[in-house]
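Raw start_23.csv, CSV, C-alpha atoms:
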chain,number,residue,atom,x,y,z
A,413,MET,CA,-33.5,23.8,-1.1
A,414,LYS,CA,-30.5,21.9,-2.5
A,415,LYS,CA,-31.3,18.5,-3.9
A,416,ILE,CA,-29.3,15.6,-2.7
A,417,LEU,CA,-29.5,12.2,-4.6
A,418,ILE,CA,-29.6,9.3,-2.2
A,419,THR,CA,-28.9,6.0,-3.9
A,420,GLY,CA,-30.3,3.1,-1.8
A,421,GLY,CA,-32.3,5.8,-0.1
A,422,ALA,CA,-35.1,3.4,1.0
A,423,GLY,CA,-32.7,1.2,2.9
A,424,PHE,CA,-31.9,1.2,6.6
A,425,ILE,CA,-29.2,4.0,6.7
A,426,GLY,CA,-30.5,5.8,3.6
A,427,SER,CA,-34.0,6.3,4.9
A,428,HIS,CA,-32.7,7.8,8.2
A,429,THR,CA,-30.4,10.0,6.2
A,430,ALA,CA,-33.3,11.3,4.2
A,431,VAL,CA,-34.9,12.4,7.4
A,432,SER,CA,-31.8,14.2,8.6
A,433,LEU,CA,-31.4,15.9,5.2
A,434,VAL,CA,-34.9,17.4,5.3
A,435,GLN,CA,-34.4,18.5,8.9
A,436,SER,CA,-31.2,20.3,7.8
A,437,GLY,CA,-32.9,22.1,4.9
A,438,PHE,CA,-32.1,19.8,2.0
A,439,GLU,CA,-34.4,18.0,-0.4
A,440,PRO,CA,-33.6,14.3,-0.7
A,441,VAL,CA,-34.3,12.4,-3.9
A,442,ILE,CA,-34.3,8.7,-3.5
A,443,LEU,CA,-33.1,6.2,-6.1
A,444,ASP,CA,-33.6,2.5,-5.1
A,445,ASN,CA,-34.3,-0.8,-6.8
A,446,PHE,CA,-36.0,-2.1,-3.6
A,447,SER,CA,-34.1,-5.4,-3.8
A,448,ASN,CA,-33.3,-5.1,-0.1
A,449,SER,CA,-35.9,-2.6,1.0
A,450,ASP,CA,-39.6,-2.1,0.9
A,451,HIS,CA,-41.8,0.4,-0.9
A,452,SER,CA,-43.7,1.1,2.4
A,453,VAL,CA,-40.6,3.1,3.5
A,454,ILE,CA,-41.6,6.0,1.3
A,455,GLY,CA,-44.9,6.4,3.0
A,456,SER,CA,-43.2,6.1,6.4
A,457,LEU,CA,-40.8,8.8,5.5
A,458,GLU,CA,-43.6,11.1,4.4
A,459,ARG,CA,-45.4,10.5,7.7
A,460,ILE,CA,-42.3,11.4,9.7
A,461,LEU,CA,-41.6,14.5,7.6
A,462,GLU,CA,-45.1,15.5,6.8
A,463,THR,CA,-44.1,16.2,3.2
A,464,LYS,CA,-43.9,14.3,-0.1
A,465,ILE,CA,-40.6,12.6,-1.0
A,466,LYS,CA,-39.4,12.4,-4.6
A,467,TRP,CA,-38.3,8.9,-5.5
A,468,TYR,CA,-37.3,6.7,-8.4
A,469,GLU,CA,-37.4,2.9,-8.7
A,470,ALA,CA,-34.3,2.2,-10.7
A,471,ASP,CA,-31.0,0.3,-10.5
A,472,CYS,CA,-27.6,2.0,-10.3
A,473,LEU,CA,-26.4,-0.6,-12.8
A,474,ASP,CA,-28.8,0.8,-15.4
A,475,GLY,CA,-26.8,3.7,-16.8
A,476,ASP,CA,-29.6,5.0,-19.0
A,477,SER,CA,-32.0,5.3,-16.0
A,478,VAL,CA,-29.3,6.9,-13.8
A,479,ARG,CA,-28.6,9.5,-16.5
A,480,GLU,CA,-32.3,10.2,-17.0
A,481,ILE,CA,-32.7,10.9,-13.2
A,482,PHE,CA,-29.7,13.3,-13.4
A,483,SER,CA,-31.3,15.0,-16.5
A,484,GLU,CA,-34.5,15.6,-14.6
A,485,ASN,CA,-32.9,17.1,-11.4
A,486,GLU,CA,-30.3,19.6,-10.5
A,487,PHE,CA,-28.4,17.8,-7.8
A,488,ALA,CA,-26.0,19.6,-5.4
A,489,GLY,CA,-24.5,16.3,-4.3
A,490,VAL,CA,-24.9,12.5,-4.0
A,491,ILE,CA,-24.8,10.2,-1.1
A,492,HIS,CA,-24.1,6.7,-2.4
A,493,PHE,CA,-25.5,3.8,-0.2
A,494,ALA,CA,-26.7,1.4,-2.9
A,495,ALA,CA,-24.7,-1.8,-2.6
A,496,SER,CA,-25.0,-5.5,-1.6
A,497,LYS,CA,-23.8,-5.8,2.0
A,498,ALA,CA,-24.1,-9.4,3.4
A,499,VAL,CA,-20.6,-10.8,4.1
A,500,GLY,CA,-21.7,-14.4,3.8
A,501,GLU,CA,-23.5,-14.0,0.6
A,502,SER,CA,-20.5,-12.2,-0.9
A,503,VAL,CA,-18.3,-15.2,-0.2
A,504,ALA,CA,-20.9,-17.5,-2.0
A,505,ASN,CA,-21.6,-15.0,-4.9
A,506,PRO,CA,-18.6,-12.7,-5.3
A,507,LEU,CA,-19.3,-11.6,-8.8
A,508,LYS,CA,-22.7,-10.2,-7.8
A,509,TYR,CA,-20.9,-8.1,-5.2
A,510,TYR,CA,-18.2,-6.8,-7.6
A,511,ARG,CA,-20.8,-6.0,-10.1
A,512,ASN,CA,-23.3,-4.3,-7.8
A,513,ASN,CA,-20.8,-2.5,-5.6
A,514,VAL,CA,-18.0,-1.5,-8.0
A,515,GLU,CA,-19.6,-1.2,-11.4
A,516,SER,CA,-22.5,0.9,-9.9
A,517,LEU,CA,-20.0,3.4,-8.5
A,518,LEU,CA,-18.4,3.8,-11.9
A,519,ILE,CA,-21.7,4.4,-13.6
A,520,LEU,CA,-22.6,7.0,-10.9
A,521,ILE,CA,-19.3,8.8,-11.2
A,522,ASP,CA,-19.7,9.0,-15.0
A,523,ALA,CA,-23.2,10.5,-14.6
A,524,MET,CA,-22.0,13.0,-12.0
A,525,ALA,CA,-19.3,14.1,-14.3
A,526,GLU,CA,-21.6,14.4,-17.3
A,527,TYR,CA,-24.1,16.6,-15.4
A,528,GLY,CA,-21.5,18.6,-13.4
A,529,VAL,CA,-22.3,17.3,-9.9
A,530,LYS,CA,-19.1,17.5,-7.9
A,531,ASP,CA,-19.9,16.3,-4.3
A,532,LEU,CA,-20.1,12.7,-3.3
A,533,VAL,CA,-20.3,10.9,0.0
A,534,LEU,CA,-19.5,7.2,-0.2
A,535,SER,CA,-20.9,4.6,2.2
A,536,SER,CA,-17.7,2.6,3.1
A,537,SER,CA,-17.0,0.3,6.1
A,538,CYS,CA,-14.7,-0.4,8.9
A,539,THR,CA,-14.2,-3.8,7.3
A,540,VAL,CA,-11.4,-2.2,5.4
A,541,TYR,CA,-9.3,-2.4,8.6
A,542,GLY,CA,-9.7,-6.1,9.2
A,543,GLN,CA,-8.4,-7.1,12.6
A,544,PRO,CA,-6.4,-4.1,13.5
A,545,GLU,CA,-3.2,-4.5,15.6
A,546,ILE,CA,-3.7,-1.3,17.5
A,547,LEU,CA,-7.0,0.0,19.0
A,548,PRO,CA,-8.9,2.2,18.7
A,549,VAL,CA,-8.8,2.4,14.9
A,550,SER,CA,-7.9,5.7,13.3
A,551,GLU,CA,-8.1,6.7,9.7
A,552,SER,CA,-4.3,6.3,9.4
A,553,THR,CA,-4.5,2.7,10.5
A,554,PRO,CA,-3.3,0.5,7.6
A,555,ARG,CA,-6.1,-1.3,5.8
A,556,GLN,CA,-5.7,-5.1,5.9
A,557,GLU,CA,-6.4,-7.7,3.3
A,558,ALA,CA,-10.2,-8.0,3.1
A,559,GLU,CA,-11.9,-10.9,5.0
A,560,SER,CA,-14.6,-11.2,2.3
A,561,PRO,CA,-15.5,-10.0,-1.2
A,562,TYR,CA,-17.9,-7.5,0.4
A,563,GLY,CA,-15.0,-5.9,2.3
A,564,ASN,CA,-12.8,-6.0,-0.8
A,565,THR,CA,-15.4,-4.1,-2.8
A,566,LYS,CA,-15.3,-1.3,-0.2
A,567,LYS,CA,-11.5,-1.1,-0.4
A,568,ILE,CA,-11.8,-1.0,-4.2
A,569,CYS,CA,-14.4,1.7,-4.2
A,570,GLU,CA,-12.2,3.8,-1.9
A,571,ASP,CA,-9.2,3.2,-4.2
A,572,ILE,CA,-11.2,4.2,-7.3
A,573,LEU,CA,-12.3,7.5,-5.8
A,574,ARG,CA,-8.8,8.3,-4.5
A,575,ASP,CA,-7.3,7.6,-7.9
A,576,TYR,CA,-10.1,9.6,-9.6
A,577,ILE,CA,-9.2,12.6,-7.5
A,578,LYS,CA,-5.4,12.0,-8.1
A,579,SER,CA,-6.2,12.2,-11.8
A,580,GLY,CA,-7.2,15.9,-11.4
A,581,ALA,CA,-11.0,15.4,-11.3
A,582,LYS,CA,-12.9,18.4,-10.1
A,583,SER,CA,-15.0,16.4,-7.7
A,584,ARG,CA,-15.1,16.6,-3.9
A,585,ILE,CA,-15.4,13.3,-2.2
A,586,VAL,CA,-15.7,11.9,1.3
A,587,ALA,CA,-15.7,8.2,2.2
A,588,LEU,CA,-17.3,7.3,5.5
A,589,ARG,CA,-16.1,4.2,7.2
A,590,TYR,CA,-19.0,3.0,9.3
A,591,PHE,CA,-18.7,0.8,12.3
A,592,ASN,CA,-21.9,-1.0,13.4
A,593,PRO,CA,-25.2,0.9,12.8
A,594,ILE,CA,-28.1,-0.1,15.0
A,595,GLY,CA,-31.3,1.4,16.3
A,596,ALA,CA,-34.3,2.9,14.5
A,597,HIS,CA,-36.1,6.2,14.2
A,598,PRO,CA,-37.8,7.0,17.6
A,599,SER,CA,-41.2,7.3,15.8
A,600,SER,CA,-40.9,3.6,14.9
A,601,GLU,CA,-41.9,4.5,11.4
A,602,ILE,CA,-38.6,3.3,9.9
A,603,GLY,CA,-35.8,0.9,11.0
A,604,GLU,CA,-33.7,-2.0,10.0
A,605,LEU,CA,-35.8,-4.4,7.9
A,606,PRO,CA,-33.7,-7.5,7.0
A,607,LYS,CA,-35.1,-9.8,4.4
A,608,GLY,CA,-34.9,-13.4,5.6
A,609,VAL,CA,-32.6,-14.4,8.5
A,610,PRO,CA,-30.8,-11.3,9.8
A,611,ALA,CA,-27.1,-11.1,9.2
A,612,ASN,CA,-26.6,-8.5,12.0
A,613,LEU,CA,-26.7,-8.9,15.7
A,614,VAL,CA,-29.4,-6.4,16.8
A,615,PRO,CA,-32.3,-7.5,14.5
A,616,PHE,CA,-31.5,-11.1,15.5
A,617,ILE,CA,-31.8,-10.1,19.1
A,618,THR,CA,-35.1,-8.3,18.6
A,619,GLN,CA,-36.6,-11.0,16.4
A,620,THR,CA,-35.6,-13.6,19.1
A,621,ALA,CA,-37.3,-11.6,21.8
A,622,ALA,CA,-40.4,-11.3,19.6
A,623,GLY,CA,-40.6,-15.0,19.2
A,624,ILE,CA,-39.7,-15.0,15.5
A,625,ARG,CA,-36.4,-16.7,16.1
A,626,ARG,CA,-36.1,-19.6,18.6
A,627,GLU,CA,-32.8,-18.5,20.1
A,628,LEU,CA,-29.8,-16.3,19.5
A,629,THR,CA,-26.4,-18.0,19.2
A,630,VAL,CA,-23.4,-16.0,20.5
A,631,PHE,CA,-20.4,-17.2,18.5
A,632,GLY,CA,-17.7,-17.8,21.0
A,633,ASN,CA,-17.0,-16.7,24.6
A,634,ASP,CA,-13.3,-17.4,24.9
A,635,TYR,CA,-11.9,-14.4,23.1
A,636,ASP,CA,-9.4,-11.9,24.7
A,637,THR,CA,-12.2,-9.5,25.6
A,638,PRO,CA,-13.8,-8.4,29.0
A,639,ASP,CA,-16.4,-11.3,28.9
A,640,GLY,CA,-14.9,-13.4,26.1
A,641,THR,CA,-17.3,-12.3,23.4
A,642,CYS,CA,-16.5,-10.1,20.4
A,643,VAL,CA,-16.3,-6.4,20.7
A,644,ARG,CA,-17.8,-3.9,18.2
A,645,ASP,CA,-18.5,-0.2,18.1
A,646,TYR,CA,-22.3,0.2,17.8
A,647,ILE,CA,-23.6,3.5,16.6
A,648,HIS,CA,-27.2,4.7,16.5
A,649,VAL,CA,-28.4,5.0,12.9
A,650,LEU,CA,-29.5,8.7,13.4
A,651,ASP,CA,-26.0,9.6,14.6
A,652,LEU,CA,-24.7,8.0,11.4
A,653,ALA,CA,-27.3,9.8,9.3
A,654,ASP,CA,-26.2,13.1,10.9
A,655,ALA,CA,-22.6,12.3,9.9
A,656,HIS,CA,-23.7,12.2,6.2
A,657,VAL,CA,-25.4,15.6,6.4
A,658,LYS,CA,-22.3,17.1,8.0
A,659,SER,CA,-20.1,15.5,5.3
A,660,ILE,CA,-22.1,17.0,2.5
A,661,GLN,CA,-22.0,20.4,4.2
A,662,TYR,CA,-18.2,20.0,4.7
A,663,LEU,CA,-17.7,19.1,1.0
A,664,PHE,CA,-19.5,22.3,-0.1
A,665,LYS,CA,-16.7,24.3,1.6
A,666,GLN,CA,-13.8,22.5,0.1
A,667,GLU,CA,-11.8,23.3,-3.0
A,668,GLU,CA,-12.3,21.2,-6.1
A,669,ASN,CA,-10.2,18.0,-6.4
A,670,PHE,CA,-10.7,16.9,-2.8
A,671,TYR,CA,-10.8,13.5,-1.1
A,672,ASP,CA,-10.8,12.4,2.5
A,673,VAL,CA,-12.0,9.5,4.7
A,674,PHE,CA,-13.7,9.5,8.2
A,675,ASN,CA,-14.5,6.9,10.7
A,676,VAL,CA,-18.0,7.0,12.0
A,677,GLY,CA,-18.5,5.3,15.4
A,678,THR,CA,-19.0,6.1,19.0
A,679,GLY,CA,-15.4,5.7,20.0
A,680,ASN,CA,-16.3,2.9,22.4
A,681,GLY,CA,-16.5,-0.9,22.1
A,682,ASN,CA,-19.2,-3.1,23.5
A,683,THR,CA,-19.2,-6.9,23.7
A,684,VAL,CA,-22.0,-9.1,22.4
A,685,LEU,CA,-23.1,-9.9,26.0
A,686,GLU,CA,-23.1,-6.2,26.9
A,687,VAL,CA,-25.4,-5.5,23.9
A,688,ILE,CA,-27.7,-8.3,25.1
A,689,LYS,CA,-27.8,-7.0,28.7
A,690,ALA,CA,-28.6,-3.5,27.4
A,691,PHE,CA,-31.5,-4.9,25.4
A,692,GLU,CA,-32.8,-6.9,28.4
A,693,LYS,CA,-32.6,-3.7,30.5
A,694,VAL,CA,-34.6,-1.4,28.2
A,695,SER,CA,-37.1,-4.1,27.0
A,696,GLY,CA,-37.7,-5.8,30.3
A,697,LYS,CA,-37.5,-9.1,28.4
A,698,HIS,CA,-35.2,-12.1,29.0
A,699,LEU,CA,-33.5,-13.1,25.8
A,700,ASN,CA,-33.1,-16.8,24.9
A,701,TYR,CA,-29.5,-17.1,23.8
A,702,ARG,CA,-26.8,-19.8,24.0
A,703,ILE,CA,-23.0,-19.8,23.6
A,704,GLY,CA,-21.9,-21.5,20.4
A,705,PRO,CA,-18.5,-22.1,18.8
A,706,ARG,CA,-16.5,-19.3,17.2
A,707,ARG,CA,-17.5,-18.2,13.8
A,708,GLU,CA,-14.8,-18.3,11.1
A,709,GLY,CA,-13.7,-14.9,9.9
A,710,ASP,CA,-15.0,-12.9,12.9
A,711,VAL,CA,-12.9,-9.9,13.9
A,712,VAL,CA,-12.3,-10.2,17.6
A,713,LYS,CA,-12.5,-6.6,18.6
A,714,THR,CA,-12.6,-3.2,16.9
A,715,TRP,CA,-13.8,0.3,17.7
A,716,ALA,CA,-13.2,3.7,16.3
A,717,ASN,CA,-11.0,6.6,17.1
A,718,THR,CA,-13.4,9.5,16.1
A,719,ASP,CA,-11.2,12.5,16.8
A,720,LYS,CA,-10.9,13.4,13.1
A,721,ILE,CA,-14.6,13.6,12.4
A,722,LYS,CA,-15.2,15.5,15.6
A,723,ASN,CA,-12.5,18.0,14.9
A,724,LEU,CA,-13.1,18.6,11.2
A,725,LEU,CA,-16.9,18.1,10.8
A,726,GLY,CA,-18.0,19.0,14.3
A,727,TRP,CA,-19.8,15.7,14.6
A,728,THR,CA,-20.4,13.9,17.9
A,729,PRO,CA,-22.8,11.0,18.6
A,730,LYS,CA,-25.8,11.8,20.7
A,731,TYR,CA,-27.3,8.4,21.4
A,732,SER,CA,-26.3,5.7,23.9
A,733,LEU,CA,-26.3,2.0,23.4
A,734,GLU,CA,-29.4,1.8,25.6
A,735,ASP,CA,-31.1,4.4,23.4
A,736,SER,CA,-30.3,2.3,20.3
A,737,MET,CA,-31.6,-0.9,21.8
A,738,ARG,CA,-34.8,0.8,23.0
A,739,ASP,CA,-35.5,2.2,19.5
A,740,ALA,CA,-34.7,-1.1,17.8
A,741,TRP,CA,-37.1,-2.9,20.2
A,742,ASN,CA,-39.9,-0.4,19.7
A,743,TRP,CA,-39.4,-0.8,15.9
A,744,GLN,CA,-39.6,-4.6,16.3
A,745,VAL,CA,-42.8,-4.3,18.4
A,746,LYS,CA,-44.4,-2.2,15.8
A,747,LEU,CA,-43.4,-4.7,13.1
A,748,GLY,CA,-44.8,-7.6,15.1
A,749,SER,CA,-44.7,-11.0,13.4
A,750,ALA,CA,-44.3,-9.2,10.0
A,751,GLY,CA,-40.7,-8.3,10.8
A,752,LYS,CA,-39.2,-11.6,9.7
Any chance you could put this one into structure tokens?
Amino acid sequence: MKKILITGGAGFIGSHTAVSLVQSGFEPVILDNFSNSDHSVIGSLERILETKIKWYEADCLDGDSVREIFSENEFAGVIHFAASKAVGESVANPLKYYRNNVESLLILIDAMAEYGVKDLVLSSSCTVYGQPEILPVSESTPRQEAESPYGNTKKICEDILRDYIKSGAKSRIVALRYFNPIGAHPSSEIGELPKGVPANLVPFITQTAAGIRRELTVFGNDYDTPDGTCVRDYIHVLDLADAHVKSIQYLFKQEENFYDVFNVGTGNGNTVLEVIKAFEKVSGKHLNYRIGPRREGDVVKTWANTDKIKNLLGWTPKYSLEDSMRDAWNWQVKLGSAGK
């Protein structure tokens, strides 16, 4: 089996991608510093997969540790998730984000070059588009000035990789621009596990329904959208994980010195209130929420054009919004009061 290094592999998207890799005949090797994840994820993965998972506790900013991991394994490719990802925190602590997200990529590229590993899938983000003038957003949509240091690090990482390929590097690289990952594994063994107050909508919904949070605030209901609340493209995390597997398989078929970007979303937008209604439908619970003022910096509406990834990678999403909300709620039920 080909070994694939997953940096940040114990996190929300990384752990689900590890499952998809095994199911597709690969051997994932996880590298994580567990700053935003939990060691229990390893055991959960092993229960889902009924096999041992190789993993390292290390930081991508530690070049010596990264090179040591490469020296001990023959990797066919790398999927790079490890990054800081809270927009608000990035505004308050920008240097942490530039260091963690940009410097770690440079260290990783150096190690890949040293050990002859050519194939890389980068975790990027739809934040690079800002508030697009035309919807849906395609890969040719111009990137806007970033709304936050977090978003800027994603743009910078993409630029680094593009320039690296332009320099004649023999690597093959794909950057995946995620829209809004939600849901959990149907086994309820792994899912989104935010530390502290959630920064994302769905875990805040499930924690409110579980009584961990008193209420959910919907930030604004006077936008130019069907019900006045912001619109996003919500994608089940297993569909997103599948996109990474297909990206690695796609890279193996390309010539050296290759770079491309793909949107990963459902191709549909849902309002915040539609997400709440979907949750109430599948959970049978009434959610305690209130309408609050607009939140500064929020993009009003964005969703993906996914024609490119469908045509070139043969990828299509399989899960609905209701599937995602059902799996997220089942995961929260299993966590109980510990999920806070």
Sorted by chain and rising residue number, list the residues of stretch 522-630 of chain A at most 7 Å from stretch 700-714 of chain A (counting only C-alpha atoms), each with its closest atom pair and distance in Å to one decimal, as a Markdown table.
| residue | atom | partner | partner_atom | distance |
| --- | --- | --- | --- | --- |
| A:Gly542 | CA | A:Val711 | CA | 6.8 |
| A:Gln543 | CA | A:Val711 | CA | 5.5 |
| A:Leu547 | CA | A:Thr714 | CA | 6.8 |
| A:Pro548 | CA | A:Thr714 | CA | 6.8 |
| A:Glu559 | CA | A:Gly709 | CA | 6.6 |
| A:Glu627 | CA | A:Asn700 | CA | 5.1 |
| A:Leu628 | CA | A:Tyr701 | CA | 4.4 |
| A:Thr629 | CA | A:Arg702 | CA | 5.1 |
| A:Val630 | CA | A:Ile703 | CA | 4.9 |
Set out as JSON lines a contact list for stretch 597-635 of chain A and stretch 459-474 of chain A with a cut-off of 9 Å, giving each residue of stretch 597-635 of chain A that qualifies its closest atom pair and distance in Å to one decimal, counting all atoms listed in the file, ordered by chain and rising residue number.
{"residue": "A:Ser599", "atom": "CA", "partner": "A:Ile460", "partner_atom": "CA", "distance": 7.4}
{"residue": "A:Glu601", "atom": "CA", "partner": "A:Ile460", "partner_atom": "CA", "distance": 7.1}
{"residue": "A:Ile602", "atom": "CA", "partner": "A:Ile460", "partner_atom": "CA", "distance": 8.9}
Any idea what the distance is between atom CA of A:Gly489 and atom CA of A:Val533?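 It comes out at 8.1 Å.
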Neighbouring residues of stretch 640-649 of chain A were defined as those with any atom within 9 Å, considering all atoms listed in the file; residues of the same chain fewer than 5 positions away were excluded. Please report them as a ChimeraX atom specification. /A:424-425,428-429,590-597,603,630-635,654,676-685,687,710-716,729-733,735-737
I'd like a table as a tab-separated table: residues in stretch 427-517 of chain A with an atom no more than 9 Å from stretch 561-576 of chain A, each row giving the shortest atom pair and its distance in Å to one decimal, all atoms listed in the file counted, sorted by chain and rising residue number.
residue	atom	partner	partner_atom	distance
A:Ser496	CA	A:Tyr562	CA	7.6
A:Lys497	CA	A:Tyr562	CA	6.3
A:Ala498	CA	A:Tyr562	CA	7.1
A:Val499	CA	A:Tyr562	CA	5.6
A:Gly500	CA	A:Tyr562	CA	8.6
A:Glu501	CA	A:Tyr562	CA	8.6
A:Ser502	CA	A:Pro561	CA	5.5
A:Val503	CA	A:Pro561	CA	6.0
A:Asn505	CA	A:Pro561	CA	8.7
A:Pro506	CA	A:Pro561	CA	5.8
A:Leu507	CA	A:Pro561	CA	8.6
A:Tyr509	CA	A:Tyr562	CA	6.4
A:Tyr510	CA	A:Thr565	CA	6.2
A:Asn513	CA	A:Thr565	CA	6.3
A:Val514	CA	A:Cys569	CA	6.1
A:Leu517	CA	A:Cys569	CA	7.3
Preceding selection exported with C-alpha atoms as a short mmCIF file (atom, residue, chain, number, x, y, z; two decimals), in the coordinates of the input:
data_model
loop_
_atom_site.label_atom_id
_atom_site.label_comp_id
_atom_site.auth_asym_id
_atom_site.auth_seq_id
_atom_site.Cartn_x
_atom_site.Cartn_y
_atom_site.Cartn_z
CA SER A 496 -25.00 -5.50 -1.60
CA LYS A 497 -23.80 -5.80 2.00
CA ALA A 498 -24.10 -9.40 3.40
CA VAL A 499 -20.60 -10.80 4.10
CA GLY A 500 -21.70 -14.40 3.80
CA GLU A 501 -23.50 -14.00 0.60
CA SER A 502 -20.50 -12.20 -0.90
CA VAL A 503 -18.30 -15.20 -0.20
CA ASN A 505 -21.60 -15.00 -4.90
CA PRO A 506 -18.60 -12.70 -5.30
CA LEU A 507 -19.30 -11.60 -8.80
CA TYR A 509 -20.90 -8.10 -5.20
CA TYR A 510 -18.20 -6.80 -7.60
CA ASN A 513 -20.80 -2.50 -5.60
CA VAL A 514 -18.00 -1.50 -8.00
CA LEU A 517 -20.00 3.40 -8.50
#
Pick out the closest residue to A:Gly528 from this set: A:Ala622, A:Ala611, A:Leu747, A:Ala581. Count all atoms listed in the file.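 The closest residue to A:Gly528 is A:Ala581.
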Pick out the closest residue to A:Lys607 from this set: A:Gly420, A:Asn448, A:Tyr662, A:Asp636. Count all atoms listed in the file. A:Asn448
Can you measure atom CA of A:Val431 to atom CA of A:Ala488 for me? One decimal in Å is fine.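 It comes out at 17.2 Å.
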What does the structure give for the distance between atom CA of A:Pro615 and atom CA of A:Ala740, in Å to one decimal?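 It comes out at 7.6 Å.
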Considering all atoms listed in the file, can you say which of A:Ile442, A:Leu613, A:Ile521, A:Leu605 comes closest to A:Ile418?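 Checking each candidate against A:Ile418, we get A:Ile442 as the closest.
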Nearby residues (all atoms listed in the file) at most 10 Å from A:His492, same-chain spacing under 4 positions excluded, as a tab-separated table (two decimals) with C-alpha atoms, keeping the file's coordinate frame:
chain	number	residue	atom	x	y	z
A	417	LEU	CA	-29.50	12.20	-4.60
A	418	ILE	CA	-29.60	9.30	-2.20
A	419	THR	CA	-28.90	6.00	-3.90
A	420	GLY	CA	-30.30	3.10	-1.80
A	421	GLY	CA	-32.30	5.80	-0.10
A	426	GLY	CA	-30.50	5.80	3.60
A	443	LEU	CA	-33.10	6.20	-6.10
A	472	CYS	CA	-27.60	2.00	-10.30
A	516	SER	CA	-22.50	0.90	-9.90
A	517	LEU	CA	-20.00	3.40	-8.50
A	520	LEU	CA	-22.60	7.00	-10.90
A	532	LEU	CA	-20.10	12.70	-3.30
A	533	VAL	CA	-20.30	10.90	0.00
A	534	LEU	CA	-19.50	7.20	-0.20
A	535	SER	CA	-20.90	4.60	2.20
A	536	SER	CA	-17.70	2.60	3.10
A	587	ALA	CA	-15.70	8.20	2.20
Using only C-alpha atoms, which protein or nucleic acid residues come within 9 Å of A:Leu433? Drop anything in the same chain fewer than 5 positions from it, and give the result as a CSV table (one decimal) with C-alpha atoms, keeping the file's coordinate frame.
chain,number,residue,atom,x,y,z
A,416,ILE,CA,-29.3,15.6,-2.7
A,428,HIS,CA,-32.7,7.8,8.2
A,438,PHE,CA,-32.1,19.8,2.0
A,439,GLU,CA,-34.4,18.0,-0.4
A,440,PRO,CA,-33.6,14.3,-0.7
A,653,ALA,CA,-27.3,9.8,9.3
A,654,ASP,CA,-26.2,13.1,10.9
A,656,HIS,CA,-23.7,12.2,6.2
A,657,VAL,CA,-25.4,15.6,6.4
Kindly indicate which residue among A:Met524, A:Val453, A:Leu652, A:Asp639 lies nearest to A:Ser432, using only C-alpha atoms for the distances.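 Smallest separation from A:Ser432 among the options: A:Leu652.
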